[in-house]
Amino acid sequence: MLQTAYIRENKELIIERYRKRNFDGAEIINQILKLDDDRKSTQQEMDAQLAESNQLSKQVGELFKSGKTKEANFAKEDAAHLKKRVSYLREKQENITNELQVLLYQVPNIPNETVPTGNSDEDNELVFEKNNPVVFDIKALPHWELAKKYDIIDFELGVKVTGAGFPFYIGQGARLQRALINFFLDEAHGAGYKEIIPPLMVNEASGIGTGQLPDKEGQMYHMQVDDLYMIPTAEVPVTNMYRDVIVKKEDFPIKVTAYTPCFRREAGSYGKDVRGLNRLHQFDKVEIVQIQHPEKSYETLDVMVEHVKGLLEKLELPYRVLKLCGGDLGFTSALTYDFEVYSAAQVKWLEVSSVSNFESFQANRLKCRYKDENGKMQLVHTLNGSALALPRILAALLENNQTEQGIRIPKALVSYTGFDLIN
RNA sequence: GGAGAUGUGGCAGAGUGGUCGAAUGCGGUAGUCUUGAAAACUAUUGUACCGUAAGGUACCGGGGGUUCGAAUCCCUCCAUCUCCGCCA
């Protein structure tokens with residue numbers, strides 16, 4: 001969420017930058033500014049009436065004390081009259097504030113100036129590519145067939161027990177999954193991230209804090225009995241740790257990591273993109289989150305990108321890094337790098353990580369702030385990234401490393417799995 | 001799940017209808033003293049909104065109500081503690 005004061009001061013720049021997203025912001029921005037004007041003038045009027053009413057109430061008390069009952073009763077009547085006006089204004093103010101809130105929720109983050117203009121993923125900018133060509137001496141099988149062949153993932157069983165998108169990992173498949181989680185967590189720990197095990201369900205306030213609510217409500221599983229939401233990513237509970245928190249300057253940067261299962265309804269997706277591990281309702285992910293001083297957040301973004309690169313290098317996977325164009329950029333993000341690994345049998349790139357700088361967009365909703373040199377409260381910058389999401393990594397590992405003997409486990413993982421071949 | 005108690009500023013802790021944004025203590029900041037430090041003393045020390053400013057308004061767990069006036073009374077929700085029950 002953008003701050004209205006910032007919108008007021010940077011109106012033209014914001015509208016200009018929104019062009020990168022193909023978003024015409026002029027109208028909504030003007031509406032916001034107008035509503036904010038209304039808000040201010042109503043507030044002023046209400047404050048004045050309240051001041052008068054407070055004054056009167058004080059007098060009533062004094063008059064009663066000094067025994068001037070008659071005058072006191074007159075004053076009481078005046079006050080009661082004022083009260084009606086105040087309650088009208090209060091209601092008006094509430095409506096304006098709500099309307100303003102709704103509009104502010106609809107306004108996306110401002111893309112960083114380096115974000116390429118564009119409509120779709122075709123306009124994303126390739127910033128890095130590492131190709132270690134995959135050579136097969138056998139016919140390449142997609143991972144869902146490999147999963148069956150080696151009995152390491154059972155999709156049908158998941159359908160029976162829960163539904164589509166909830167696979168069972170079995171035997172070496174389960175152990176490989178656990179190995180990846182431990183590997184990612186150890187790498188994050190080595191990079192200075194504090195490890196967290198957060199709740200897997202969050203309340204409404206947390207959903208709003210990171211921007212899933214109110215808009216993307218349909219993407220989360222909602223436990224209506226207790227009004228709790230299953231987390232779609234660890235970002236939600238972990239970032240919300242810092243909701244309503246004043247960060248001390250010397251605590252920058254705050255670095256936390258968490259492994260969690262993630263739950264997504266993925267309403268509306270179907271077809272071949274959801275085959276096998278490509279898109280699940282429940283999947284595992286290790287997330288890294290940083291809270292940083294605004295001046296250093298882009299530096300930090302680069303460091304996080306390097307961290308994720310390092311993971312993919314160690315896993316020996318062909319991968320590429322894309323800078324997302326405005327049209328592909330998430331609602332809350334100012335700049336995002338996507339990581340994709342090449343999946344040899346599907347012959348396509350699969351997104352496995354997304355590393356973003358949200359600048360103060362999330363912090364504004366979260367009210368996560370620090371005191372600057374002048375003692376003024378300022379919003380922090382938040383960043384996060386997947387490091388990494390497991391299913392597509394697993395898919396690529398299976399497809400790229402298949403041999404006649406079985407599936408080769410990358411060296412970096414062997415100490416975690418305890419085996420170097422799935423067969 | 002049942003019964004009871006509690007929820008006040010960074011912390012501790014007063015305040016049970018008016019002059020209370022809130023005593024007091026601790027902590028924080030600045031200063032005096034000191035070669036320096038400690039101690040002592042003095043001042044200052046919440047957040048948000050409006051306003052060039054002076055100043056005004058709101059906030060005493062959240063929400064609602066009573067009243068001219070609520071930290072204080074009522075309703076409701078949430079959290080914590082104690083006891084009982086249940087349980088990995």
# chains A, B, ... in the order shown; residues from 1 in each chain; ligands from 1
call {"tool": "residues_around", "arguments": {"residues": "G7 in chain B", "least_positions_apart": "6", "cutoff": "9 Å", "atoms": "only C-alpha atoms (C1' of nucleotides)", "output": "NGL selection string"}}
result
:B and (61 or 79-80)
call {"tool": "select_by_dssp", "arguments": {"residues": "range 243-412 of chain A", "states": "strand (DSSP E)", "output": "tab-separated table (two decimals) with C-alpha atoms, in the first residue's frame"}}
result
chain	number	residue	atom	x	y	z
A	246	ILE	CA	9.58	-0.47	15.55
A	247	VAL	CA	12.90	-1.84	14.31
A	254	ILE	CA	16.91	-8.52	9.84
A	255	LYS	CA	17.37	-11.86	8.11
A	256	VAL	CA	15.02	-14.76	8.71
A	257	THR	CA	14.41	-18.04	6.97
A	258	ALA	CA	11.67	-20.59	7.37
A	259	TYR	CA	10.73	-23.91	5.89
A	260	THR	CA	7.00	-24.47	5.64
A	261	PRO	CA	4.52	-26.36	3.58
A	262	CYS	CA	2.55	-23.91	1.46
A	263	PHE	CA	-1.12	-24.22	0.63
A	282	GLN	CA	0.42	-28.27	-1.05
A	283	PHE	CA	4.13	-27.95	-1.53
A	284	ASP	CA	7.28	-27.35	0.48
A	285	LYS	CA	9.37	-24.23	0.34
A	286	VAL	CA	12.20	-22.56	2.18
A	287	GLU	CA	11.75	-18.82	2.23
A	288	ILE	CA	14.27	-16.09	2.99
A	289	VAL	CA	13.08	-12.71	4.24
A	290	GLN	CA	14.98	-9.53	4.95
A	291	ILE	CA	13.99	-6.28	6.56
A	292	GLN	CA	16.34	-3.54	5.54
A	319	TYR	CA	18.96	-22.19	-14.78
A	320	ARG	CA	18.34	-18.64	-15.79
A	321	VAL	CA	17.46	-15.41	-14.04
A	322	LEU	CA	14.88	-13.02	-15.40
A	323	LYS	CA	14.06	-9.51	-14.42
A	335	LEU	CA	11.40	-5.25	-8.59
A	336	THR	CA	11.40	-9.02	-8.96
A	337	TYR	CA	13.88	-11.55	-10.28
A	338	ASP	CA	12.48	-14.91	-11.27
A	339	PHE	CA	14.60	-18.04	-11.30
A	340	GLU	CA	13.81	-20.84	-13.70
A	341	VAL	CA	15.37	-24.25	-14.02
A	342	TYR	CA	15.40	-26.19	-17.23
A	343	SER	CA	13.44	-29.36	-17.15
A	348	LYS	CA	10.74	-26.12	-20.72
A	349	TRP	CA	11.77	-23.69	-18.04
A	350	LEU	CA	10.11	-24.00	-14.65
A	351	GLU	CA	9.89	-21.16	-12.18
A	352	VAL	CA	11.45	-22.16	-8.89
A	353	SER	CA	12.08	-18.88	-7.14
A	354	SER	CA	11.02	-15.30	-7.13
A	355	VAL	CA	13.11	-12.73	-5.28
A	356	SER	CA	11.52	-9.35	-4.71
A	357	ASN	CA	12.02	-5.96	-3.17
A	358	PHE	CA	8.72	-4.59	-1.91
A	359	GLU	CA	10.32	-1.36	-0.76
A	369	ARG	CA	9.05	1.26	10.98
A	370	TYR	CA	12.31	2.59	12.33
A	371	LYS	CA	13.36	5.94	13.72
A	377	MET	CA	9.31	7.29	12.06
A	378	GLN	CA	10.05	5.89	8.62
A	379	LEU	CA	8.86	2.74	6.89
A	381	HIS	CA	11.88	-1.98	3.25
A	382	THR	CA	10.97	-5.65	3.04
A	383	LEU	CA	12.37	-8.26	0.70
A	384	ASN	CA	11.82	-11.93	0.27
A	385	GLY	CA	12.60	-14.82	-1.98
A	386	SER	CA	12.13	-18.55	-2.34
A	387	ALA	CA	15.29	-20.41	-1.54
A	388	LEU	CA	13.85	-22.61	-2.83
A	389	ALA	CA	10.47	-24.10	-3.73
A	407	ILE	CA	18.51	-41.00	-10.97
A	408	ARG	CA	21.78	-39.40	-10.00
call {"tool": "atom_distance", "arguments": {"atom1": "CA of Leu394 in chain A", "atom2": "CA of Ser415 in chain A"}}
result
17.0 Å
call {"tool": "interface_residues", "arguments": {"of": "chain B", "to": "chain A", "cutoff": "12 Å", "atoms": "only C-alpha atoms (C1' of nucleotides)", "output": "ChimeraX atom specification"}}
result
/B:10,17-19,29,47-51,55-58,67-69
call {"tool": "select_by_dssp", "arguments": {"residues": "range 159-241 of chain A", "states": "alpha helix (DSSP H)", "output": "PyMOL selection string"}}
result
chain A and resi 159-161+172-190+204-210+235-240
call {"tool": "atom_distance", "arguments": {"atom1": "CA of Pro116 in chain A", "atom2": "CA of Leu2 in chain A"}}
result
21.1 Å
call {"tool": "residues_around", "arguments": {"residues": "C11 in chain B", "least_positions_apart": "3", "cutoff": "12 Å", "atoms": "only C-alpha atoms (C1' of nucleotides)", "output": "list in words"}}
result
G25, C26, G27 and G28 of chain B
call {"tool": "closest_residue", "arguments": {"among": "B:C84, B:G2, B:U34, B:C59", "to": "A71 in chain B", "atoms": "only C-alpha atoms (C1' of nucleotides)"}}
result
B:C59
call {"tool": "atom_distance", "arguments": {"atom1": "CA of Ile208 in chain A", "atom2": "CA of Arg365 in chain A"}}
result
7.4 Å
call {"tool": "residues_around", "arguments": {"residues": "Tyr105 in chain A", "least_positions_apart": "6", "cutoff": "12 Å", "atoms": "only C-alpha atoms (C1' of nucleotides)", "output": "JSON, numbers by chain"}}
result
{"A": [1, 2, 3, 4, 28, 29, 32, 98, 99, 208, 209, 210, 211, 212, 213, 214, 215, 216, 331, 332, 361, 362, 364, 365]}
call {"tool": "write_last_selection", "arguments": {"atoms": "N, CA and C atoms", "output": "short mmCIF file (atom, residue, chain, number, x, y, z; two decimals), in the first residue's frame"}}
result
data_model
loop_
_atom_site.label_atom_id
_atom_site.label_comp_id
_atom_site.auth_asym_id
_atom_site.auth_seq_id
_atom_site.Cartn_x
_atom_site.Cartn_y
_atom_site.Cartn_z
N MET A 1 0.83 -1.18 0.00
CA MET A 1 0.00 0.00 0.00
C MET A 1 0.88 1.25 0.00
N LEU A 2 0.54 2.18 -0.87
CA LEU A 2 1.32 3.41 -0.93
C LEU A 2 0.81 4.39 0.11
N GLN A 3 1.68 5.30 0.53
CA GLN A 3 1.27 6.32 1.48
C GLN A 3 0.66 7.50 0.71
N THR A 4 -0.45 8.01 1.24
CA THR A 4 -1.12 9.09 0.51
C THR A 4 -0.23 10.31 0.39
N ILE A 28 -7.52 6.69 -10.72
CA ILE A 28 -7.61 6.24 -9.32
C ILE A 28 -6.77 7.13 -8.41
N ILE A 29 -5.63 7.58 -8.93
CA ILE A 29 -4.78 8.47 -8.14
C ILE A 29 -5.51 9.77 -7.83
N ILE A 32 -8.12 9.18 -5.25
CA ILE A 32 -7.51 9.04 -3.92
C ILE A 32 -7.20 10.42 -3.35
N ASN A 98 -13.05 4.50 4.74
CA ASN A 98 -13.23 3.17 4.17
C ASN A 98 -13.08 3.20 2.65
N GLU A 99 -13.69 4.19 2.04
CA GLU A 99 -13.60 4.32 0.60
C GLU A 99 -12.15 4.49 0.15
N ILE A 208 -3.90 -9.46 5.63
CA ILE A 208 -3.92 -8.08 5.15
C ILE A 208 -2.51 -7.49 5.19
N GLY A 209 -1.78 -7.82 6.23
CA GLY A 209 -0.44 -7.27 6.41
C GLY A 209 0.49 -7.53 5.23
N THR A 210 0.43 -8.71 4.67
CA THR A 210 1.32 -9.02 3.55
C THR A 210 0.63 -8.92 2.20
N GLY A 211 -0.64 -8.55 2.20
CA GLY A 211 -1.29 -8.23 0.93
C GLY A 211 -2.10 -9.35 0.30
N GLN A 212 -2.24 -10.50 0.97
CA GLN A 212 -3.07 -11.56 0.39
C GLN A 212 -4.55 -11.18 0.50
N LEU A 213 -4.87 -10.48 1.56
CA LEU A 213 -6.24 -10.03 1.77
C LEU A 213 -6.27 -8.51 1.58
N PRO A 214 -7.36 -7.92 1.17
CA PRO A 214 -8.62 -8.61 0.89
C PRO A 214 -8.73 -9.17 -0.53
N ASP A 215 -7.77 -8.88 -1.41
CA ASP A 215 -7.96 -9.18 -2.83
C ASP A 215 -7.88 -10.66 -3.21
N LYS A 216 -6.84 -11.32 -2.70
CA LYS A 216 -6.59 -12.67 -3.19
C LYS A 216 -7.13 -13.73 -2.24
N PHE A 331 1.76 -7.56 -7.75
CA PHE A 331 1.07 -6.36 -7.30
C PHE A 331 1.87 -5.58 -6.25
N THR A 332 2.50 -6.32 -5.34
CA THR A 332 3.15 -5.68 -4.20
C THR A 332 4.62 -5.38 -4.43
N PHE A 361 6.14 -0.91 0.46
CA PHE A 361 4.74 -1.22 0.15
C PHE A 361 4.10 -2.13 1.20
N GLN A 362 4.82 -3.19 1.56
CA GLN A 362 4.32 -4.09 2.61
C GLN A 362 4.44 -3.43 3.97
N ASN A 364 4.16 -0.50 4.87
CA ASN A 364 3.10 0.46 5.16
C ASN A 364 1.87 -0.24 5.72
N ARG A 365 1.55 -1.39 5.14
CA ARG A 365 0.42 -2.15 5.68
C ARG A 365 0.79 -2.74 7.04
#
call {"tool": "residues_around", "arguments": {"residues": "C74 in chain B", "least_positions_apart": "4", "cutoff": "12 Å", "atoms": "only C-alpha atoms (C1' of nucleotides)", "output": "tab-separated table (two decimals) with N, CA, C and O atoms (P, O5', C5', C4', C3', O3' and C1' of nucleotides), in the first residue's frame"}}
result
chain	number	residue	atom	x	y	z
B	64	G	P	-16.29	0.85	17.22
B	64	G	O5'	-17.58	0.42	18.05
B	64	G	C5'	-18.79	0.11	17.36
B	64	G	C4'	-19.79	-0.50	18.31
B	64	G	C3'	-20.51	0.46	19.24
B	64	G	O3'	-21.52	1.22	18.61
B	64	G	C1'	-19.86	-1.45	20.45
B	65	G	P	-21.80	2.72	19.14
B	65	G	O5'	-22.46	2.48	20.58
B	65	G	C5'	-23.77	1.94	20.67
B	65	G	C4'	-24.12	1.61	22.08
B	65	G	C3'	-24.36	2.78	23.03
B	65	G	O3'	-25.62	3.38	22.82
B	65	G	C1'	-23.08	1.13	24.13
B	66	U	P	-25.86	4.90	23.18
B	66	U	O5'	-25.82	4.89	24.77
B	66	U	C5'	-26.87	4.29	25.52
B	66	U	C4'	-26.62	4.47	27.00
B	66	U	C3'	-26.41	5.90	27.44
B	66	U	O3'	-27.64	6.59	27.62
B	66	U	C1'	-24.74	4.54	28.41
B	67	U	P	-27.84	8.03	26.96
B	67	U	O5'	-26.85	8.92	27.82
B	67	U	C5'	-27.08	9.12	29.22
B	67	U	C4'	-25.93	9.88	29.82
B	67	U	C3'	-25.54	11.15	29.09
B	67	U	O3'	-26.39	12.23	29.44
B	67	U	C1'	-23.60	9.91	29.62
B	70	A	P	-16.85	10.52	27.37
B	70	A	O5'	-16.39	10.12	28.84
B	70	A	C5'	-15.11	10.47	29.35
B	70	A	C4'	-14.44	9.24	29.90
B	70	A	C3'	-14.05	8.21	28.85
B	70	A	O3'	-12.87	7.53	29.27
B	70	A	C1'	-15.61	7.26	30.31
call {"tool": "closest_residue", "arguments": {"among": "B:C81, B:C60, B:C73, B:A43", "to": "A22 in chain B", "atoms": "only C-alpha atoms (C1' of nucleotides)"}}
result
B:C60
call {"tool": "residues_around", "arguments": {"residues": "Pro237 in chain A", "least_positions_apart": "2", "cutoff": "10 Å", "atoms": "only C-alpha atoms (C1' of nucleotides)", "output": "NGL selection string"}}
result
:A and (196-203 or 206-207 or 209-210 or 231-235 or 239-243 or 258)
call {"tool": "write_last_selection", "arguments": {"atoms": "N, CA and C atoms", "output": "mmCIF file, in the first residue's frame"}}
result
data_model
loop_
_atom_site.group_PDB
_atom_site.id
_atom_site.type_symbol
_atom_site.label_atom_id
_atom_site.label_comp_id
_atom_site.auth_asym_id
_atom_site.auth_seq_id
_atom_site.Cartn_x
_atom_site.Cartn_y
_atom_site.Cartn_z
ATOM 1 N N ILE A 196 13.313 -19.980 11.555
ATOM 2 C CA ILE A 196 12.021 -19.821 12.225
ATOM 3 C C ILE A 196 11.129 -20.992 11.845
ATOM 4 N N ILE A 197 10.364 -21.479 12.801
ATOM 5 C CA ILE A 197 9.265 -22.388 12.451
ATOM 6 C C ILE A 197 7.982 -21.677 12.812
ATOM 7 N N PRO A 198 7.294 -21.143 11.822
ATOM 8 C CA PRO A 198 6.110 -20.320 12.108
ATOM 9 C C PRO A 198 4.838 -21.159 12.128
ATOM 10 N N PRO A 199 3.741 -20.552 12.582
ATOM 11 C CA PRO A 199 2.435 -21.201 12.457
ATOM 12 C C PRO A 199 2.086 -21.360 10.979
ATOM 13 N N LEU A 200 1.340 -22.407 10.670
ATOM 14 C CA LEU A 200 0.942 -22.658 9.285
ATOM 15 C C LEU A 200 -0.422 -22.069 8.969
ATOM 16 N N MET A 201 -1.064 -21.540 9.994
ATOM 17 C CA MET A 201 -2.316 -20.814 9.764
ATOM 18 C C MET A 201 -2.152 -19.415 10.330
ATOM 19 N N VAL A 202 -2.797 -18.462 9.663
ATOM 20 C CA VAL A 202 -2.699 -17.070 10.119
ATOM 21 C C VAL A 202 -4.092 -16.457 10.208
ATOM 22 N N ASN A 203 -4.181 -15.380 10.967
ATOM 23 C CA ASN A 203 -5.466 -14.688 11.082
ATOM 24 C C ASN A 203 -5.614 -13.646 9.970
ATOM 25 N N SER A 206 -3.049 -10.736 9.558
ATOM 26 C CA SER A 206 -1.781 -11.099 8.931
ATOM 27 C C SER A 206 -1.927 -11.189 7.418
ATOM 28 N N GLY A 207 -3.058 -11.708 6.978
ATOM 29 C CA GLY A 207 -3.317 -11.787 5.544
ATOM 30 C C GLY A 207 -3.330 -10.403 4.916
ATOM 31 N N GLY A 209 -1.779 -7.818 6.226
ATOM 32 C CA GLY A 209 -0.437 -7.268 6.406
ATOM 33 C C GLY A 209 0.486 -7.532 5.235
ATOM 34 N N THR A 210 0.429 -8.712 4.667
ATOM 35 C CA THR A 210 1.324 -9.015 3.550
ATOM 36 C C THR A 210 0.625 -8.916 2.203
ATOM 37 N N ILE A 231 -1.415 -20.864 5.275
ATOM 38 C CA ILE A 231 -0.477 -19.956 4.639
ATOM 39 C C ILE A 231 -0.157 -20.394 3.208
ATOM 40 N N PRO A 232 -0.130 -19.451 2.266
ATOM 41 C CA PRO A 232 0.245 -19.760 0.892
ATOM 42 C C PRO A 232 1.765 -19.714 0.728
ATOM 43 N N THR A 233 2.454 -19.158 1.707
ATOM 44 C CA THR A 233 3.906 -19.060 1.716
ATOM 45 C C THR A 233 4.334 -18.640 3.125
ATOM 46 N N ALA A 234 5.552 -19.002 3.491
ATOM 47 C CA ALA A 234 6.061 -18.642 4.815
ATOM 48 C C ALA A 234 6.209 -17.137 4.961
ATOM 49 N N GLU A 235 6.264 -16.460 3.829
ATOM 50 C CA GLU A 235 6.350 -15.004 3.840
ATOM 51 C C GLU A 235 5.282 -14.400 4.758
ATOM 52 N N THR A 239 6.846 -12.465 7.782
ATOM 53 C CA THR A 239 6.853 -11.007 7.643
ATOM 54 C C THR A 239 5.965 -10.370 8.709
ATOM 55 N N ASN A 240 4.872 -11.050 9.038
ATOM 56 C CA ASN A 240 3.954 -10.504 10.037
ATOM 57 C C ASN A 240 4.516 -10.529 11.454
ATOM 58 N N MET A 241 5.631 -11.229 11.643
ATOM 59 C CA MET A 241 6.319 -11.130 12.934
ATOM 60 C C MET A 241 6.657 -9.669 13.213
ATOM 61 N N TYR A 242 6.821 -8.920 12.136
ATOM 62 C CA TYR A 242 7.279 -7.536 12.271
ATOM 63 C C TYR A 242 6.154 -6.532 12.067
ATOM 64 N N ARG A 243 4.922 -7.030 12.091
ATOM 65 C CA ARG A 243 3.782 -6.115 12.027
ATOM 66 C C ARG A 243 3.733 -5.289 13.312
ATOM 67 N N ALA A 258 12.596 -19.606 6.823
ATOM 68 C CA ALA A 258 11.669 -20.592 7.366
ATOM 69 C C ALA A 258 11.342 -21.622 6.302
#
